[in-house]
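Asker: Sharing data-v2.cif (mmCIF, C-alpha atoms; chains and numbers go by the auth columns) below.
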data_my_file
#
loop_
_atom_site.group_PDB
_atom_site.id
_atom_site.type_symbol
_atom_site.label_atom_id
_atom_site.label_comp_id
_atom_site.label_asym_id
_atom_site.label_seq_id
_atom_site.Cartn_x
_atom_site.Cartn_y
_atom_site.Cartn_z
_atom_site.B_iso_or_equiv
_atom_site.auth_seq_id
_atom_site.auth_asym_id
ATOM 1 C CA MET A 1 -11.855 5.612 0.088 0.00 445 A
ATOM 2 C CA THR A 2 -9.925 8.008 -2.088 0.00 446 A
ATOM 3 C CA SER A 3 -7.837 7.320 -5.111 0.00 447 A
ATOM 4 C CA ASP A 4 -4.372 8.748 -5.478 0.00 448 A
ATOM 5 C CA PRO A 5 -4.166 10.048 -9.055 0.00 449 A
ATOM 6 C CA GLU A 6 -0.459 10.921 -8.846 0.00 450 A
ATOM 7 C CA PRO A 7 1.395 8.389 -6.711 0.00 451 A
ATOM 8 C CA SER A 8 4.723 9.786 -7.925 0.00 452 A
ATOM 9 C CA SER A 9 4.012 12.965 -5.959 0.00 453 A
ATOM 10 C CA ASP A 10 4.142 10.854 -2.783 0.00 454 A
ATOM 11 C CA ILE A 11 7.852 10.335 -3.340 0.00 455 A
ATOM 12 C CA ASP A 12 8.319 13.771 -1.771 0.00 456 A
ATOM 13 C CA ASP A 13 7.312 12.155 1.531 0.00 457 A
ATOM 14 C CA ASP A 14 10.408 9.944 1.262 0.00 458 A
ATOM 15 C CA GLU A 15 12.603 13.043 1.282 0.00 459 A
ATOM 16 C CA ALA A 16 10.783 14.247 4.416 0.00 460 A
ATOM 17 C CA GLY A 17 11.530 10.943 6.178 0.00 461 A
ATOM 18 C CA GLU A 18 8.214 9.240 5.542 0.00 462 A
ATOM 19 C CA PRO A 19 8.729 6.626 2.822 0.00 463 A
ATOM 20 C CA ASP A 20 5.656 5.217 1.155 0.00 464 A
ATOM 21 C CA ILE A 21 4.914 1.598 1.928 0.00 465 A
ATOM 22 C CA LEU A 22 2.795 -0.103 -0.719 0.00 466 A
ATOM 23 C CA VAL A 23 0.514 -3.059 -0.174 0.00 467 A
ATOM 24 C CA VAL A 24 0.197 -4.568 -3.650 0.00 468 A
ATOM 25 C CA VAL A 25 -2.779 -6.910 -4.038 0.00 469 A
ATOM 26 C CA PRO A 26 -2.955 -8.923 -7.268 0.00 470 A
ATOM 27 C CA LEU A 27 -6.376 -9.063 -8.874 0.00 471 A
ATOM 28 C CA SER A 28 -8.126 -11.990 -10.550 0.00 472 A
ATOM 29 C CA ASP A 29 -7.483 -10.566 -14.008 0.00 473 A
ATOM 30 C CA HIS A 30 -4.977 -8.258 -15.673 0.00 474 A
ATOM 31 C CA HIS A 31 -7.297 -5.271 -15.578 0.00 475 A
ATOM 32 C CA MET A 32 -9.502 -4.122 -12.716 0.00 476 A
ATOM 33 C CA GLY A 33 -10.692 -7.355 -11.089 0.00 477 A
ATOM 34 C CA THR A 34 -14.356 -7.898 -10.247 0.00 478 A
ATOM 35 C CA ARG A 35 -16.548 -5.432 -8.380 0.00 479 A
ATOM 36 C CA ALA A 36 -16.926 -7.890 -5.520 0.00 480 A
ATOM 37 C CA GLU A 37 -13.143 -8.276 -5.348 0.00 481 A
ATOM 38 C CA GLN A 38 -12.662 -4.497 -5.346 0.00 482 A
ATOM 39 C CA ALA A 39 -15.228 -4.061 -2.556 0.00 483 A
ATOM 40 C CA ARG A 40 -13.548 -6.765 -0.465 0.00 484 A
ATOM 41 C CA ILE A 41 -10.133 -5.133 -0.870 0.00 485 A
ATOM 42 C CA GLN A 42 -11.590 -1.726 0.014 0.00 486 A
ATOM 43 C CA ARG A 43 -12.988 -3.157 3.261 0.00 487 A
ATOM 44 C CA PHE A 44 -9.605 -4.725 4.012 0.00 488 A
ATOM 45 C CA ALA A 45 -7.878 -1.399 3.251 0.00 489 A
ATOM 46 C CA ASP A 46 -10.190 0.276 5.758 0.00 490 A
ATOM 47 C CA GLU A 47 -9.147 -2.288 8.405 0.00 491 A
ATOM 48 C CA LEU A 48 -5.459 -1.710 7.667 0.00 492 A
ATOM 49 C CA ALA A 49 -5.923 2.065 7.772 0.00 493 A
ATOM 50 C CA ALA A 50 -7.765 1.875 11.105 0.00 494 A
ATOM 51 C CA ALA A 51 -4.971 -0.222 12.644 0.00 495 A
ATOM 52 C CA VAL A 52 -2.235 2.130 11.388 0.00 496 A
ATOM 53 C CA THR A 53 -4.143 5.175 12.643 0.00 497 A
ATOM 54 C CA ALA A 54 -4.915 3.598 16.036 0.00 498 A
ATOM 55 C CA ALA A 55 -1.222 2.843 16.530 0.00 499 A
ATOM 56 C CA GLU A 56 -0.345 6.396 15.448 0.00 500 A
ATOM 57 C CA ALA A 57 2.126 4.797 13.030 0.00 501 A
ATOM 58 C CA GLY A 58 1.197 6.748 9.918 0.00 502 A
ATOM 59 C CA ASP A 59 -1.540 7.354 7.413 0.00 503 A
ATOM 60 C CA PHE A 60 -3.391 5.656 4.594 0.00 504 A
ATOM 61 C CA GLU A 61 -2.612 7.870 1.611 0.00 505 A
ATOM 62 C CA GLY A 62 -4.959 6.348 -0.976 0.00 506 A
ATOM 63 C CA ASP A 63 -5.141 3.594 -3.522 0.00 507 A
ATOM 64 C CA GLU A 64 -4.631 2.875 -7.177 0.00 508 A
ATOM 65 C CA LEU A 65 -6.500 0.309 -9.239 0.00 509 A
ATOM 66 C CA GLY A 66 -5.509 -1.085 -12.615 0.00 510 A
ATOM 67 C CA GLY A 67 -3.105 -3.289 -14.488 0.00 511 A
ATOM 68 C CA GLY A 68 -4.191 -6.336 -12.522 0.00 512 A
ATOM 69 C CA GLU A 69 -3.304 -4.775 -9.150 0.00 513 A
ATOM 70 C CA TYR A 70 -4.943 -2.906 -6.318 0.00 514 A
ATOM 71 C CA VAL A 71 -2.214 -0.830 -4.637 0.00 515 A
ATOM 72 C CA LEU A 72 -2.695 0.681 -1.171 0.00 516 A
ATOM 73 C CA PHE A 73 -0.383 3.559 -0.181 0.00 517 A
ATOM 74 C CA PHE A 74 0.689 4.048 3.451 0.00 518 A
ATOM 75 C CA CYS A 75 3.273 6.397 4.923 0.00 519 A
ATOM 76 C CA GLY A 76 4.660 7.025 8.372 0.00 520 A
ATOM 77 C CA PRO A 77 7.721 8.364 10.152 0.00 521 A
ATOM 78 C CA ASP A 78 8.949 4.891 11.207 0.00 522 A
ATOM 79 C CA GLN A 79 8.955 2.360 8.383 0.00 523 A
ATOM 80 C CA GLN A 80 9.661 -0.570 10.715 0.00 524 A
ATOM 81 C CA GLN A 81 6.720 0.292 12.946 0.00 525 A
ATOM 82 C CA LEU A 82 4.415 0.693 9.963 0.00 526 A
ATOM 83 C CA VAL A 83 5.470 -2.609 8.427 0.00 527 A
ATOM 84 C CA GLY A 84 5.238 -4.235 11.867 0.00 528 A
ATOM 85 C CA ILE A 85 1.570 -3.289 12.001 0.00 529 A
ATOM 86 C CA LEU A 86 0.752 -4.217 8.402 0.00 530 A
ATOM 87 C CA ARG A 87 2.490 -7.617 8.158 0.00 531 A
ATOM 88 C CA PRO A 88 0.482 -9.510 10.801 0.00 532 A
ATOM 89 C CA LEU A 89 -2.769 -8.161 9.373 0.00 533 A
ATOM 90 C CA LEU A 90 -1.754 -9.244 5.880 0.00 534 A
ATOM 91 C CA ARG A 91 -0.893 -12.742 7.114 0.00 535 A
ATOM 92 C CA ARG A 92 -4.232 -13.320 8.840 0.00 536 A
ATOM 93 C CA ASP A 93 -6.450 -12.438 5.863 0.00 537 A
ATOM 94 C CA ALA A 94 -6.909 -14.344 2.601 0.00 538 A
ATOM 95 C CA ILE A 95 -6.524 -11.122 0.597 0.00 539 A
ATOM 96 C CA GLY A 96 -3.472 -10.101 2.566 0.00 540 A
ATOM 97 C CA ARG A 97 -1.756 -13.434 2.021 0.00 541 A
ATOM 98 C CA THR A 98 -1.823 -12.815 -1.741 0.00 542 A
ATOM 99 C CA ALA A 99 -0.357 -9.302 -1.333 0.00 543 A
ATOM 100 C CA HIS A 100 3.231 -8.185 -1.142 0.00 544 A
ATOM 101 C CA LEU A 101 4.881 -5.127 0.375 0.00 545 A
ATOM 102 C CA ALA A 102 7.068 -2.660 -1.497 0.00 546 A
ATOM 103 C CA ARG A 103 8.614 0.750 -0.878 0.00 547 A
ATOM 104 C CA LEU A 104 8.161 3.608 -3.321 0.00 548 A
ATOM 105 C CA VAL A 105 11.628 5.028 -4.006 0.00 549 A
ATOM 106 C CA ARG A 106 13.325 7.209 -6.602 0.00 550 A
ATOM 107 C CA GLY A 107 15.217 5.261 -9.231 0.00 551 A
ATOM 108 C CA ALA A 108 18.574 6.281 -10.665 0.00 552 A
ATOM 109 C CA ASP A 109 16.675 8.220 -13.335 0.00 553 A
ATOM 110 C CA GLY A 110 14.729 10.146 -10.658 0.00 554 A
ATOM 111 C CA GLU A 111 11.465 8.390 -11.499 0.00 555 A
ATOM 112 C CA PRO A 112 9.448 6.572 -8.834 0.00 556 A
ATOM 113 C CA GLN A 113 9.834 2.823 -8.727 0.00 557 A
ATOM 114 C CA ARG A 114 8.854 -0.005 -6.449 0.00 558 A
ATOM 115 C CA GLU A 115 11.428 -1.695 -4.298 0.00 559 A
ATOM 116 C CA PRO A 116 10.197 -5.101 -3.068 0.00 560 A
ATOM 117 C CA MET A 117 10.393 -5.702 0.662 0.00 561 A
ATOM 118 C CA GLN A 118 11.275 -8.985 2.339 0.00 562 A
ATOM 119 C CA PRO A 119 8.212 -11.103 3.158 0.00 563 A
#
Kindly return the structure encoded in the file as structure tokens.

Answerer:
Amino acid sequence: MTSDPEPSSDIDDDEAGEPDILVVVPLSDHHMGTRAEQARIQRFADELAAAVTAAEAGDFEGDELGGGEYVLFFCGPDQQQLVGILRPLLRRDAIGRTAHLARLVRGADGEPQREPMQP
């Protein structure tokens, strides 16, 4: 699994018609969570990525860990299709049920920001 050191650079995908969809998983503490928790989320991320790839709905773009969150970045040409694949998988897993979805968009100031998505 790779880490995305500059998630703001992914905003460019939004301009190309592939908005980033974030799966934001809260961790057990306000820092990095436990190693076991991280490993479990990484395995879950691999399952999500495999499902998105198999459906040819997009790509897993990486992850970011810190600040009490584990964020998984996905992008694809059809946001509805991508979310349609992710949501059922999130609902069936204990980790996924604690997560929420967001879109990475440019704010009024041009900086990347999260826009929460309906559950």

Asker: Return the single residue from A:Asp503, A:Glu508, A:Glu462, A:Asp537 that is closest to A:Arg487, with distances computed using all atoms listed in the file.

Answerer: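 Of all the options, A:Asp537 lies closest to A:Arg487.
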
Asker: Please evaluate the PyMOL selection byres ((chain A and resi 538) around 12) against the displayed coordinates and give the resulting residues as a PyMOL selection string.

Answerer: chain A and resi 469-470+481+484-485+488+533-537+539-543

Asker: Expand the PyMOL selection byres ((chain A and resi 522) around 12) into the individual residues it matches in the shown file, reporting them as number ranges by chain.

Answerer: A: 458, 460-465, 496, 499-503, 518-521, 523-529

Asker: Save the residues we just selected, C-alpha atoms, as a compact mmCIF listing (two decimals), in the frame of the given file?

Answerer:
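The resulting file, out.txt, is shown below:
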# COMPACT_ATOMS: atom_id res chain seq x y z
CA ASP A 458 10.41 9.94 1.26
CA ALA A 460 10.78 14.25 4.42
CA GLY A 461 11.53 10.94 6.18
CA GLU A 462 8.21 9.24 5.54
CA PRO A 463 8.73 6.63 2.82
CA ASP A 464 5.66 5.22 1.16
CA ILE A 465 4.91 1.60 1.93
CA VAL A 496 -2.24 2.13 11.39
CA ALA A 499 -1.22 2.84 16.53
CA GLU A 500 -0.34 6.40 15.45
CA ALA A 501 2.13 4.80 13.03
CA GLY A 502 1.20 6.75 9.92
CA ASP A 503 -1.54 7.35 7.41
CA PHE A 518 0.69 4.05 3.45
CA CYS A 519 3.27 6.40 4.92
CA GLY A 520 4.66 7.02 8.37
CA PRO A 521 7.72 8.36 10.15
CA GLN A 523 8.96 2.36 8.38
CA GLN A 524 9.66 -0.57 10.72
CA GLN A 525 6.72 0.29 12.95
CA LEU A 526 4.42 0.69 9.96
CA VAL A 527 5.47 -2.61 8.43
CA GLY A 528 5.24 -4.24 11.87
CA ILE A 529 1.57 -3.29 12.00

Asker: Using all atoms listed in the file for the distances, tell me which of A:Ala498, A:Leu492, A:Gly510, A:Gly551 is nearest to A:Thr478.

Answerer: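 Once distances to A:Thr478 are computed over all atoms listed in the file, the minimum belongs to A:Gly510.
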
Asker: What gap, in Å, lies between atom CA of A:Tyr514 and atom CA of A:Arg547?

Answerer: 15.1 Å

Asker: Any idea what the distance is between atom CA of A:Ala493 and atom CA of A:Leu466?

Answerer: 12.4 Å

Asker: Which residue gives the smallest distance to A:Phe517 among A:Glu559, A:Phe504, A:Gln486, A:Gly554, with all atoms listed in the file counted?

Answerer: A:Phe504

Asker: Using all atoms listed in the file, which protein or nucleic acid residues come within 9 Å of A:Asp473? Drop anything in the same chain fewer than 4 positions from it, and give the result as a PDB file with C-alpha atoms, in the coordinates of the input.

Answerer:
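So the final result, stored in result-v5.pdb, reads:
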ATOM      1  CA  GLY A 477     -10.692  -7.355 -11.089  1.00  0.00           C
ATOM      2  CA  THR A 478     -14.356  -7.898 -10.247  1.00  0.00           C
ATOM      3  CA  GLY A 511      -3.105  -3.289 -14.488  1.00  0.00           C
ATOM      4  CA  GLY A 512      -4.191  -6.336 -12.522  1.00  0.00           C
ATOM      5  CA  GLU A 513      -3.304  -4.775  -9.150  1.00  0.00           C
TER       6      GLU A 513
END

Asker: State, in Å with one decimal place, the distance from atom CA of A:Val468 to atom CA of A:Val515.

Answerer: 4.6 Å

Asker: Give me the residues near A:Arg558 as a list in words, where near means some atom within 8 Å (using all atoms listed in the file) and where sequence neighbours in that chain fewer than 4 positions away do not count.

Answerer: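 Near neighbours after the sequence-gap exclusion: Ala546, Arg547, Leu548 and Val549 of chain A.
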
Asker: Can you report as lines of an AutoDock Vina configuration file the centre and edge lengths in Å, to one decimal, of an axis-aligned box around the listed atoms of stretch 524-541 of chain A padded with 3 Å on each side?

Answerer:
center_x = 1.4
center_y = -6.8
center_z = 6.8
size_x = 22.6
size_y = 21.0
size_z = 18.3

Asker: Using all atoms listed in the file, can you tell me which of A:Ala552, A:Glu491, A:His544, A:Leu509 comes closest to A:His475?

Answerer: A:Leu509

Asker: Select, from A:Leu516, A:Ala483, A:Pro556, A:His474, the residue with the minimum atom-to-atom distance to A:Leu530, counting all atoms listed in the file.

Answerer: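 Ranking A:Leu516, A:Ala483, A:Pro556, A:His474 by distance to A:Leu530, first place goes to A:Leu516.
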